[in-house]
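A.B. asks: To be precise about what I am sending: the file is called coords20.cif and holds mmCIF, C-alpha atoms and all ligand atoms.
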data_structure
#
loop_
_atom_site.label_atom_id
_atom_site.label_comp_id
_atom_site.auth_asym_id
_atom_site.auth_seq_id
_atom_site.Cartn_x
_atom_site.Cartn_y
_atom_site.Cartn_z
CA ALA A 129 2.75 -119.84 -3.76
CA THR A 130 1.64 -123.05 -2.16
CA PRO A 131 3.59 -126.23 -2.89
CA LEU A 132 0.43 -127.59 -4.54
CA SER A 133 -0.03 -124.72 -7.01
CA THR A 134 3.67 -124.91 -7.85
CA MET A 135 3.38 -128.63 -8.52
CA ILE A 136 0.37 -128.06 -10.73
CA GLY A 137 2.19 -125.36 -12.69
CA VAL A 138 5.30 -127.49 -13.18
CA GLY A 139 3.11 -130.40 -14.31
CA LYS A 140 1.11 -128.26 -16.75
CA ALA A 141 4.31 -126.87 -18.24
CA ALA A 142 5.63 -130.42 -18.68
CA GLU A 143 2.50 -131.25 -20.69
CA HIS A 144 3.60 -128.43 -23.03
CA GLY A 145 7.10 -129.90 -23.32
CA VAL A 146 8.61 -127.39 -20.91
CA LEU A 147 10.74 -128.92 -18.14
CA ILE A 148 10.99 -126.60 -15.14
CA ARG A 149 13.70 -127.64 -12.73
CA SER A 150 12.43 -125.91 -9.59
CA GLY A 151 9.43 -124.20 -8.08
CA ASP A 152 11.56 -121.07 -7.81
CA ALA A 153 12.08 -120.96 -11.57
CA LEU A 154 8.32 -121.22 -12.10
CA GLN A 155 7.72 -118.48 -9.54
CA THR A 156 10.25 -116.14 -11.16
CA ALA A 157 8.89 -116.87 -14.65
CA SER A 158 5.62 -115.27 -13.59
CA HIS A 159 7.45 -111.98 -12.84
CA LEU A 160 9.67 -111.71 -15.94
CA THR A 161 9.69 -108.29 -17.57
CA THR A 162 12.34 -108.84 -20.26
CA LEU A 163 13.22 -111.85 -22.39
CA VAL A 164 16.68 -111.90 -23.90
CA VAL A 165 17.04 -114.21 -26.90
CA ASP A 166 20.17 -115.53 -28.57
CA LYS A 167 20.02 -115.33 -32.39
CA THR A 168 21.68 -118.40 -33.83
CA GLY A 169 19.86 -121.64 -33.08
CA THR A 170 17.28 -119.83 -30.97
CA VAL A 171 15.46 -117.27 -33.13
CA THR A 172 16.90 -119.01 -36.21
CA GLU A 173 16.95 -122.73 -36.95
CA GLY A 174 20.68 -122.97 -36.34
CA LYS A 175 21.09 -125.01 -39.55
CA PRO A 176 23.15 -122.66 -41.66
CA GLN A 177 23.64 -123.28 -45.40
CA VAL A 178 26.23 -121.68 -47.65
CA ASN A 179 24.46 -120.11 -50.60
CA ASP A 180 27.03 -117.85 -52.24
CA GLN A 181 30.81 -117.49 -52.45
CA ARG A 182 33.52 -115.32 -53.98
CA LEU A 183 36.95 -116.84 -54.55
CA LEU A 184 39.65 -114.23 -55.12
CA GLY A 185 42.38 -116.13 -56.88
CA GLU A 186 43.08 -118.41 -59.80
CA ASN A 187 43.53 -121.62 -57.89
CA THR A 188 39.98 -121.86 -56.61
CA SER A 189 40.23 -125.47 -55.53
CA ASP A 190 43.28 -124.55 -53.41
CA LEU A 191 41.20 -121.90 -51.62
CA LEU A 192 38.35 -124.34 -51.05
CA ASN A 193 40.68 -127.10 -49.84
CA LEU A 194 42.35 -124.72 -47.39
CA THR A 195 38.96 -123.63 -46.07
CA HIS A 196 37.92 -127.25 -45.73
CA ALA A 197 41.14 -128.19 -43.91
CA LEU A 198 40.49 -125.61 -41.19
CA GLU A 199 36.74 -125.79 -40.86
CA SER A 200 36.60 -129.60 -40.74
CA ARG A 201 38.48 -129.25 -37.42
CA SER A 202 35.94 -126.84 -35.95
CA GLU A 203 32.61 -127.80 -34.40
CA HIS A 204 31.02 -124.41 -34.99
CA PRO A 205 27.72 -124.68 -36.96
CA LEU A 206 29.12 -122.28 -39.58
CA ALA A 207 32.18 -124.52 -39.95
CA ILE A 208 29.98 -127.57 -40.45
CA ALA A 209 28.00 -125.71 -43.13
CA LEU A 210 31.20 -124.69 -44.94
CA THR A 211 32.70 -128.18 -44.73
CA GLN A 212 29.60 -129.76 -46.29
CA HIS A 213 29.34 -127.07 -48.94
CA ILE A 214 32.95 -127.58 -50.03
CA GLU A 215 32.69 -131.36 -50.00
CA SER A 216 29.71 -131.32 -52.32
CA GLN A 217 31.28 -128.67 -54.53
CA LEU A 218 34.71 -130.29 -54.89
CA GLY A 219 33.72 -133.93 -54.99
CA ASP A 220 36.81 -135.84 -56.20
CA ASP A 221 38.89 -132.64 -56.22
CA LEU A 222 38.74 -132.53 -52.43
CA SER A 223 42.25 -133.10 -51.15
CA ALA A 224 43.62 -133.26 -47.65
CA VAL A 225 45.76 -130.22 -46.84
CA GLU A 226 48.13 -130.64 -43.92
CA ILE A 227 47.85 -127.86 -41.40
CA THR A 228 49.65 -127.08 -38.14
CA ASP A 229 49.16 -124.65 -35.25
CA PHE A 230 45.37 -124.88 -35.45
CA THR A 231 43.70 -122.57 -32.95
CA SER A 232 40.11 -121.57 -32.52
CA VAL A 233 39.42 -117.96 -31.61
CA THR A 234 36.16 -117.83 -29.64
CA GLY A 235 33.47 -115.70 -31.27
CA ARG A 236 35.74 -114.96 -34.24
CA GLY A 237 36.87 -118.05 -36.14
CA VAL A 238 39.88 -120.31 -36.59
CA ARG A 239 43.55 -119.96 -37.53
CA ALA A 240 46.33 -122.31 -38.70
CA ARG A 241 49.37 -122.60 -40.94
CA ASP A 242 49.80 -124.89 -43.94
CA ALA A 243 52.87 -126.96 -44.91
CA GLN A 244 54.24 -124.07 -46.97
CA GLY A 245 54.07 -121.89 -43.87
CA ARG A 246 51.18 -119.76 -45.14
CA GLU A 247 49.15 -118.10 -42.37
CA LEU A 248 45.49 -119.05 -42.68
CA ALA A 249 42.52 -117.45 -40.95
CA ILE A 250 38.80 -118.09 -41.41
CA GLY A 251 36.15 -116.17 -39.58
CA ASN A 252 34.30 -112.90 -39.24
CA ALA A 253 35.30 -109.32 -40.02
CA ALA A 254 36.68 -108.86 -36.50
CA LEU A 255 39.11 -111.75 -37.01
CA LEU A 256 40.30 -110.32 -40.32
CA GLU A 257 40.70 -106.94 -38.69
CA ASP A 258 42.80 -108.56 -35.93
CA ILE A 259 45.26 -109.87 -38.52
CA GLY A 260 45.22 -106.66 -40.56
CA ALA A 261 43.49 -108.10 -43.65
CA SER A 262 41.43 -105.61 -45.67
CA LEU A 263 37.92 -106.51 -46.84
CA ASP A 264 37.92 -103.94 -49.61
CA ALA A 265 38.34 -106.52 -52.39
CA LEU A 266 34.83 -107.82 -51.66
CA GLY A 267 33.20 -104.49 -52.56
CA ASP A 268 29.43 -104.09 -52.29
CA GLU A 269 28.80 -107.77 -51.85
CA ARG A 270 29.43 -107.65 -48.13
CA GLU A 271 26.65 -105.13 -47.57
CA SER A 272 24.28 -106.82 -49.95
CA TRP A 273 24.78 -110.22 -48.26
CA THR A 274 24.45 -108.93 -44.70
CA SER A 275 21.37 -106.83 -45.49
CA GLN A 276 19.77 -110.08 -46.67
CA ALA A 277 20.37 -111.52 -43.19
CA ARG A 278 23.25 -113.70 -44.34
CA THR A 279 26.38 -114.19 -42.25
CA VAL A 280 29.63 -113.63 -44.12
CA VAL A 281 32.70 -115.74 -43.38
CA TYR A 282 36.09 -114.76 -44.79
CA LEU A 283 39.27 -116.68 -45.62
CA ALA A 284 42.58 -114.82 -45.41
CA VAL A 285 45.87 -116.25 -46.68
CA ASP A 286 48.99 -114.48 -45.44
CA GLY A 287 46.94 -111.51 -44.33
CA GLN A 288 45.14 -111.05 -47.67
CA LEU A 289 41.43 -111.64 -48.23
CA ALA A 290 41.22 -114.76 -50.43
CA ALA A 291 37.59 -115.92 -50.28
CA SER A 292 34.25 -115.07 -48.76
CA PHE A 293 31.14 -117.12 -48.19
CA ALA A 294 27.54 -116.06 -47.59
CA ILE A 295 25.72 -118.30 -45.15
CA GLU A 296 21.99 -118.30 -44.55
CA ASP A 297 20.29 -119.50 -41.38
CA PRO A 298 16.53 -119.00 -41.70
CA LEU A 299 14.19 -118.02 -38.86
CA ARG A 300 12.44 -120.86 -37.08
CA HIS A 301 9.03 -121.06 -38.71
CA ASP A 302 7.23 -119.94 -35.56
CA SER A 303 9.63 -117.30 -34.17
CA ILE A 304 7.62 -114.34 -35.50
CA GLU A 305 4.42 -115.58 -33.87
CA ALA A 306 6.08 -116.45 -30.55
CA ILE A 307 7.74 -113.04 -30.32
CA ALA A 308 4.41 -111.34 -31.02
CA ARG A 309 2.88 -113.38 -28.18
CA LEU A 310 5.68 -112.34 -25.80
CA ARG A 311 5.06 -108.71 -26.59
CA ARG A 312 1.31 -109.11 -26.13
CA ASP A 313 2.11 -110.53 -22.68
CA GLY A 314 3.97 -107.28 -21.95
CA LEU A 315 7.55 -108.51 -22.20
CA LYS A 316 10.38 -106.52 -23.67
CA VAL A 317 12.37 -108.68 -26.13
CA VAL A 318 16.10 -108.14 -26.72
CA MET A 319 18.25 -110.17 -29.14
CA LEU A 320 21.95 -110.82 -28.45
CA THR A 321 24.42 -112.35 -30.87
CA GLY A 322 28.07 -112.86 -31.70
CA ASP A 323 27.23 -112.29 -35.35
CA ASN A 324 27.81 -108.97 -37.14
CA THR A 325 25.50 -105.97 -36.68
CA ALA A 326 24.03 -105.80 -40.18
CA THR A 327 23.08 -109.49 -40.26
CA ALA A 328 21.71 -109.28 -36.71
CA ASN A 329 19.57 -106.23 -37.56
CA ALA A 330 18.16 -107.97 -40.65
CA ILE A 331 17.18 -111.08 -38.65
CA ALA A 332 15.71 -108.99 -35.82
CA SER A 333 13.55 -107.00 -38.20
CA GLN A 334 12.27 -110.21 -39.84
CA ALA A 335 11.44 -111.58 -36.38
CA GLY A 336 9.81 -108.40 -35.05
CA ILE A 337 12.46 -107.67 -32.43
CA ASP A 338 13.45 -104.04 -32.02
CA GLU A 339 16.34 -104.23 -29.58
CA VAL A 340 19.54 -105.88 -30.76
CA ARG A 341 23.13 -106.12 -29.50
CA ALA A 342 25.58 -107.73 -31.93
CA GLU A 343 29.24 -108.74 -32.10
CA LEU A 344 29.16 -109.90 -28.48
CA THR A 345 31.44 -112.37 -26.74
CA PRO A 346 29.96 -114.80 -24.19
CA GLU A 347 31.20 -112.39 -21.47
CA ASP A 348 29.43 -109.49 -23.19
CA LYS A 349 26.17 -111.48 -23.23
CA HIS A 350 26.55 -112.09 -19.50
CA ALA A 351 27.29 -108.38 -18.87
CA GLU A 352 24.21 -107.39 -20.88
CA ILE A 353 21.98 -109.51 -18.60
CA GLU A 354 23.53 -107.87 -15.54
CA ARG A 355 23.01 -104.42 -17.03
CA LEU A 356 19.29 -105.12 -17.58
CA GLN A 357 18.98 -106.47 -14.04
CA ARG A 358 20.57 -103.31 -12.63
CA GLN A 359 17.90 -101.35 -14.49
CA GLY A 360 15.31 -103.29 -12.50
CA GLU A 361 14.28 -105.75 -15.18
CA VAL A 362 13.49 -109.35 -14.23
CA VAL A 363 15.32 -111.09 -17.02
CA GLY A 364 14.69 -114.39 -18.77
CA MET A 365 17.32 -115.57 -21.23
CA VAL A 366 16.96 -118.25 -23.89
CA GLY A 367 19.90 -119.80 -25.71
CA ASP A 368 21.33 -122.98 -27.12
CA GLY A 369 25.10 -122.73 -27.15
CA ILE A 370 28.17 -122.93 -24.94
CA ASN A 371 28.57 -119.22 -25.69
CA ASP A 372 25.20 -118.59 -23.98
CA ALA A 373 25.98 -120.51 -20.78
CA PRO A 374 27.30 -117.57 -18.67
CA ALA A 375 24.28 -115.44 -19.64
CA LEU A 376 21.84 -118.30 -18.97
CA ALA A 377 23.31 -118.78 -15.50
CA GLN A 378 23.12 -115.04 -14.73
CA ALA A 379 19.51 -114.60 -15.89
CA ASP A 380 16.68 -114.72 -13.34
CA VAL A 381 15.34 -117.64 -15.39
CA GLY A 382 17.46 -119.41 -18.01
CA PHE A 383 15.68 -121.29 -20.80
CA ALA A 384 17.68 -123.80 -22.88
CA MET A 385 16.60 -125.00 -26.29
CA GLY A 386 16.10 -128.79 -26.05
CA GLN A 387 18.38 -129.41 -29.04
CA GLY A 388 21.00 -127.13 -27.53
CA THR A 389 24.36 -128.12 -26.08
CA ASP A 390 24.56 -129.88 -22.71
CA VAL A 391 26.34 -126.88 -21.24
CA ALA A 392 23.40 -124.63 -22.09
CA ILE A 393 20.92 -127.12 -20.63
CA GLU A 394 22.94 -127.46 -17.40
CA SER A 395 23.12 -123.67 -17.03
CA ALA A 396 19.37 -123.17 -17.41
CA GLY A 397 16.50 -123.67 -14.97
CA VAL A 398 14.09 -124.55 -17.76
CA THR A 399 14.53 -126.81 -20.80
CA LEU A 400 12.30 -126.49 -23.86
CA MET A 401 11.75 -129.98 -25.25
CA ARG A 402 10.30 -128.53 -28.44
CA SER A 403 12.83 -126.16 -29.95
CA SER A 404 10.39 -123.32 -30.14
CA LEU A 405 10.09 -119.95 -28.44
CA HIS A 406 6.40 -120.76 -27.89
CA GLY A 407 7.52 -122.97 -24.98
CA ILE A 408 8.70 -119.87 -23.12
CA VAL A 409 5.43 -118.06 -23.63
CA ASP A 410 3.58 -121.19 -22.47
CA ALA A 411 5.76 -121.35 -19.35
CA ILE A 412 5.20 -117.67 -18.55
CA GLU A 413 1.46 -117.89 -19.10
CA ILE A 414 1.15 -121.08 -17.02
CA SER A 415 3.23 -119.57 -14.21
CA ARG A 416 1.07 -116.46 -14.18
CA ALA A 417 -2.13 -118.51 -14.21
CA THR A 418 -1.10 -120.90 -11.42
CA LEU A 419 0.85 -118.50 -9.19
CA GLY A 420 -0.09 -115.04 -10.32
CA ASN A 421 -2.88 -114.42 -7.85
CA ILE A 422 -1.25 -116.11 -4.89
CA LYS A 423 1.08 -113.86 -2.96
P1 LIG A 501 26.36 -116.71 -32.08
O1 LIG A 501 26.17 -115.78 -30.91
O2 LIG A 501 25.72 -116.15 -33.29
O3 LIG A 501 25.90 -118.13 -31.76
P2 LIG A 501 29.35 -117.25 -31.96
O4 LIG A 501 29.77 -116.49 -30.73
O5 LIG A 501 29.41 -118.73 -31.90
O6 LIG A 501 27.92 -116.72 -32.51
O7 LIG A 501 30.28 -116.77 -33.17
C1 LIG A 501 30.33 -115.41 -33.52
C2 LIG A 501 30.86 -115.23 -34.91
O8 LIG A 501 32.22 -115.72 -35.00
C3 LIG A 501 30.11 -116.02 -35.98
O9 LIG A 501 29.00 -115.31 -36.46
C4 LIG A 501 31.19 -116.15 -37.05
O10 LIG A 501 31.20 -115.01 -37.86
C5 LIG A 501 32.48 -116.24 -36.28
N1 LIG A 501 32.96 -117.63 -36.13
C6 LIG A 501 33.12 -118.32 -34.99
N2 LIG A 501 33.63 -119.55 -35.23
C7 LIG A 501 33.78 -119.66 -36.57
C8 LIG A 501 34.28 -120.68 -37.46
N3 LIG A 501 34.71 -121.88 -37.03
N4 LIG A 501 34.28 -120.41 -38.77
C9 LIG A 501 33.86 -119.22 -39.23
N5 LIG A 501 33.39 -118.23 -38.46
C10 LIG A 501 33.37 -118.42 -37.15
MG MG A 502 23.20 -119.85 -30.52
#
Show this structure as structure tokens.

C.D. replies:
Amino acid sequence: ATPLSTMIGVGKAAEHGVLIRSGDALQTASHLTTLVVDKTGTVTEGKPQVNDQRLLGENTSDLLNLTHALESRSEHPLAIALTQHIESQLGDDLSAVEITDFTSVTGRGVRARDAQGRELAIGNAALLEDIGASLDALGDERESWTSQARTVVYLAVDGQLAASFAIEDPLRHDSIEAIARLRRDGLKVVMLTGDNTATANAIASQAGIDEVRAELTPEDKHAEIERLQRQGEVVGMVGDGINDAPALAQADVGFAMGQGTDVAIESAGVTLMRSSLHGIVDAIEISRATLGNIK
């Protein structure tokens, strides 16, 4: 491409709220064959809300206060949702529980110990499995929640399931349409997530995405991009979180959601000022129109 057509393309994209860092990124965008999308905060709004809970024990405010004590120390969006939910539920019954040995387990949850020495863990099924806690006490609810695209977060006290919370994070209002546009433009769309398989499948089917990989660590997301590249795909990746940064850097073109974390934005060649997948389709279409015919 000529420097002039590149400049025109970058300028046009900027008018659509798409900031392309280099002419190379624009050039590569015109050749993309696959777009990999992160789920949380990318296909979905990333504003999760707790909308159901099961407390397995008599002292329900104890369970809620323990959950609050751990999650108020985490910056994970699910932790923020739980913290707010418990604050509004407990009101004046909210009490500060002292905890020690707080650790955050990437892609799984958080752990700590309270003053009585009880072992506390909050997170996904994999975390509970790690500590040997059975989920059987929850019964059918787990399946019913996940099939409704809700994420389930569990509290274990001393290795026993003590509470579970269903958290909903709706699709961005325009994700379905943007994904349909991508497919019309001939791109294969693959969704990656750290969330559980059932929830991921439910979100993907709502969004019209038929390839999904769930329960991934940030390293797994990176490896998935490499795998697609080895198959000959030219891969774009869009994400918003720290957990997406390695994958964004590995992709042929990385797209960061404008409201995403700084780490995601720094790892990507393109930033979407509007937090919408339409920005990616705009960028691809503009790159094809300005560079497509010039070899
Ligand atoms: P995603 O790829 O969906 O952005 P993450 O890698 O950030 O997900 O997290 C993966 C999973 O780990 C979450 O779906 C959640 O079940 C669990 N998790 C991580 N941190 C926390 C936390 N602070 N509280 C509860 N669950 C957590
Ligand atoms: Mg995300």

A.B. asks: Could you give me, as a PyMOL selection string, every polymer residue with an atom at most 7 Å away from an atom of ligand MG 502 (chain A), counting all atoms listed in the file?

C.D. replies: chain A and resi 166-170+367-369+372

A.B. asks: Can you pull out every residue with an atom within 8 Å of ligand LIG 501 (chain A)? Use all atoms listed in the file and format it as a PDB file with C-alpha atoms, in the frame of the given file.

C.D. replies:
ATOM      1  CA  ASP A 166      20.170-115.530 -28.570  1.00  0.00           C
ATOM      2  CA  LYS A 167      20.020-115.330 -32.390  1.00  0.00           C
ATOM      3  CA  THR A 168      21.680-118.400 -33.830  1.00  0.00           C
ATOM      4  CA  GLY A 169      19.860-121.640 -33.080  1.00  0.00           C
ATOM      5  CA  GLU A 199      36.740-125.790 -40.860  1.00  0.00           C
ATOM      6  CA  SER A 202      35.940-126.840 -35.950  1.00  0.00           C
ATOM      7  CA  GLU A 203      32.610-127.800 -34.400  1.00  0.00           C
ATOM      8  CA  HIS A 204      31.020-124.410 -34.990  1.00  0.00           C
ATOM      9  CA  PRO A 205      27.720-124.680 -36.960  1.00  0.00           C
ATOM     10  CA  LEU A 206      29.120-122.280 -39.580  1.00  0.00           C
ATOM     11  CA  ALA A 207      32.180-124.520 -39.950  1.00  0.00           C
ATOM     12  CA  SER A 232      40.110-121.570 -32.520  1.00  0.00           C
ATOM     13  CA  VAL A 233      39.420-117.960 -31.610  1.00  0.00           C
ATOM     14  CA  THR A 234      36.160-117.830 -29.640  1.00  0.00           C
ATOM     15  CA  GLY A 235      33.470-115.700 -31.270  1.00  0.00           C
ATOM     16  CA  ARG A 236      35.740-114.960 -34.240  1.00  0.00           C
ATOM     17  CA  GLY A 237      36.870-118.050 -36.140  1.00  0.00           C
ATOM     18  CA  VAL A 238      39.880-120.310 -36.590  1.00  0.00           C
ATOM     19  CA  ILE A 250      38.800-118.090 -41.410  1.00  0.00           C
ATOM     20  CA  GLY A 251      36.150-116.170 -39.580  1.00  0.00           C
ATOM     21  CA  ASN A 252      34.300-112.900 -39.240  1.00  0.00           C
ATOM     22  CA  ALA A 253      35.300-109.320 -40.020  1.00  0.00           C
ATOM     23  CA  THR A 279      26.380-114.190 -42.250  1.00  0.00           C
ATOM     24  CA  VAL A 280      29.630-113.630 -44.120  1.00  0.00           C
ATOM     25  CA  VAL A 281      32.700-115.740 -43.380  1.00  0.00           C
ATOM     26  CA  TYR A 282      36.090-114.760 -44.790  1.00  0.00           C
ATOM     27  CA  LEU A 320      21.950-110.820 -28.450  1.00  0.00           C
ATOM     28  CA  THR A 321      24.420-112.350 -30.870  1.00  0.00           C
ATOM     29  CA  GLY A 322      28.070-112.860 -31.700  1.00  0.00           C
ATOM     30  CA  ASP A 323      27.230-112.290 -35.350  1.00  0.00           C
ATOM     31  CA  ASN A 324      27.810-108.970 -37.140  1.00  0.00           C
ATOM     32  CA  GLU A 343      29.240-108.740 -32.100  1.00  0.00           C
ATOM     33  CA  LEU A 344      29.160-109.900 -28.480  1.00  0.00           C
ATOM     34  CA  THR A 345      31.440-112.370 -26.740  1.00  0.00           C
ATOM     35  CA  PRO A 346      29.960-114.800 -24.190  1.00  0.00           C
ATOM     36  CA  GLY A 369      25.100-122.730 -27.150  1.00  0.00           C
ATOM     37  CA  ASN A 371      28.570-119.220 -25.690  1.00  0.00           C
ATOM     38  CA  ASP A 372      25.200-118.590 -23.980  1.00  0.00           C
TER      39      ASP A 372
END

A.B. asks: Using all atoms listed in the file, pick whichever of A:Ser403, A:Gln387, A:Ser216, A:Gln288 has the shortest atom-to-atom distance to A:Ala306.

C.D. replies: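 When distances to A:Ala306 are compared using all atoms listed in the file, the smallest one comes from A:Ser403.
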
A.B. asks: Between A:Ser415, A:Asn193, A:Ser404, A:Gln244, which residue has the minimum interatomic distance to A:Asp152, considering all atoms listed in the file?

C.D. replies: A:Ser415

A.B. asks: When distances are computed from all atoms listed in the file, which of A:Val362, A:Leu222, A:Val318, A:Val138 shows the smallest separation from A:Ile414?

C.D. replies: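 Under the stated criterion, the closest residue is A:Val138.
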
A.B. asks: Quick one: stretch 166-242 of chain A with C-alpha atoms, as a compact mmCIF listing (two decimals), in the first residue's frame?

C.D. replies:
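Everything below was put into selection-v3.txt:
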# COMPACT_ATOMS: atom_id res chain seq x y z
CA ASP A 166 -12.93 -12.70 24.67
CA LYS A 167 -16.30 -13.24 26.39
CA THR A 168 -16.43 -11.11 29.51
CA GLY A 169 -16.41 -7.38 28.84
CA THR A 170 -16.06 -7.94 25.10
CA VAL A 171 -19.06 -9.93 23.84
CA THR A 172 -20.82 -9.13 27.14
CA GLU A 173 -21.10 -5.77 28.85
CA GLY A 174 -18.68 -6.77 31.59
CA LYS A 175 -21.05 -5.35 34.23
CA PRO A 176 -22.04 -8.48 36.09
CA GLN A 177 -24.94 -8.47 38.57
CA VAL A 178 -25.71 -11.10 41.18
CA ASN A 179 -29.28 -12.26 40.71
CA ASP A 180 -29.60 -15.43 42.77
CA GLN A 181 -27.91 -17.10 45.73
CA ARG A 182 -28.05 -20.23 47.88
CA LEU A 183 -26.68 -20.07 51.41
CA LEU A 184 -26.04 -23.50 52.92
CA GLY A 185 -26.01 -22.86 56.62
CA GLU A 186 -27.96 -21.28 59.44
CA ASN A 187 -25.81 -18.25 59.96
CA THR A 188 -26.48 -16.66 56.60
CA SER A 189 -25.09 -13.26 57.53
CA ASP A 190 -21.82 -14.96 58.56
CA LEU A 191 -21.57 -16.51 55.09
CA LEU A 192 -22.30 -13.19 53.41
CA ASN A 193 -19.84 -11.30 55.61
CA LEU A 194 -17.10 -13.84 54.87
CA THR A 195 -17.77 -13.54 51.14
CA HIS A 196 -17.68 -9.76 51.43
CA ALA A 197 -14.40 -9.81 53.40
CA LEU A 198 -12.63 -11.70 50.62
CA GLU A 199 -14.22 -10.20 47.54
CA SER A 200 -13.85 -6.59 48.72
CA ARG A 201 -10.08 -7.21 48.42
CA SER A 202 -10.31 -8.42 44.82
CA GLU A 203 -10.57 -6.21 41.76
CA HIS A 204 -12.18 -8.88 39.60
CA PRO A 205 -15.51 -7.69 38.07
CA LEU A 206 -17.28 -10.68 39.64
CA ALA A 207 -15.85 -9.70 43.03
CA ILE A 208 -17.11 -6.14 42.62
CA ALA A 209 -20.58 -7.48 41.74
CA LEU A 210 -20.61 -9.74 44.81
CA THR A 211 -19.37 -6.98 47.12
CA GLN A 212 -22.12 -4.60 46.01
CA HIS A 213 -24.78 -7.30 46.18
CA ILE A 214 -23.85 -8.19 49.76
CA GLU A 215 -23.61 -4.57 50.88
CA SER A 216 -27.11 -3.82 49.66
CA GLN A 217 -28.46 -7.08 51.08
CA LEU A 218 -26.90 -6.79 54.55
CA GLY A 219 -27.15 -3.06 55.09
CA ASP A 220 -26.46 -2.49 58.81
CA ASP A 221 -25.72 -6.19 59.34
CA LEU A 222 -22.55 -5.85 57.29
CA SER A 223 -19.63 -6.39 59.62
CA ALA A 224 -15.92 -6.35 59.01
CA VAL A 225 -14.42 -9.84 59.23
CA GLU A 226 -10.68 -9.95 59.79
CA ILE A 227 -8.90 -12.18 57.33
CA THR A 228 -5.27 -13.18 56.85
CA ASP A 229 -3.25 -14.97 54.16
CA PHE A 230 -5.31 -13.47 51.35
CA THR A 231 -4.21 -14.77 47.96
CA SER A 232 -5.73 -14.41 44.56
CA VAL A 233 -5.63 -17.44 42.28
CA THR A 234 -5.58 -16.22 38.67
CA GLY A 235 -8.53 -17.44 36.61
CA ARG A 236 -10.01 -19.23 39.63
CA GLY A 237 -10.80 -16.95 42.56
CA VAL A 238 -9.46 -15.94 45.96
CA ARG A 239 -8.45 -17.64 49.21
CA ALA A 240 -7.84 -16.54 52.82
CA ARG A 241 -8.21 -17.56 56.45
CA ASP A 242 -10.37 -15.90 59.10
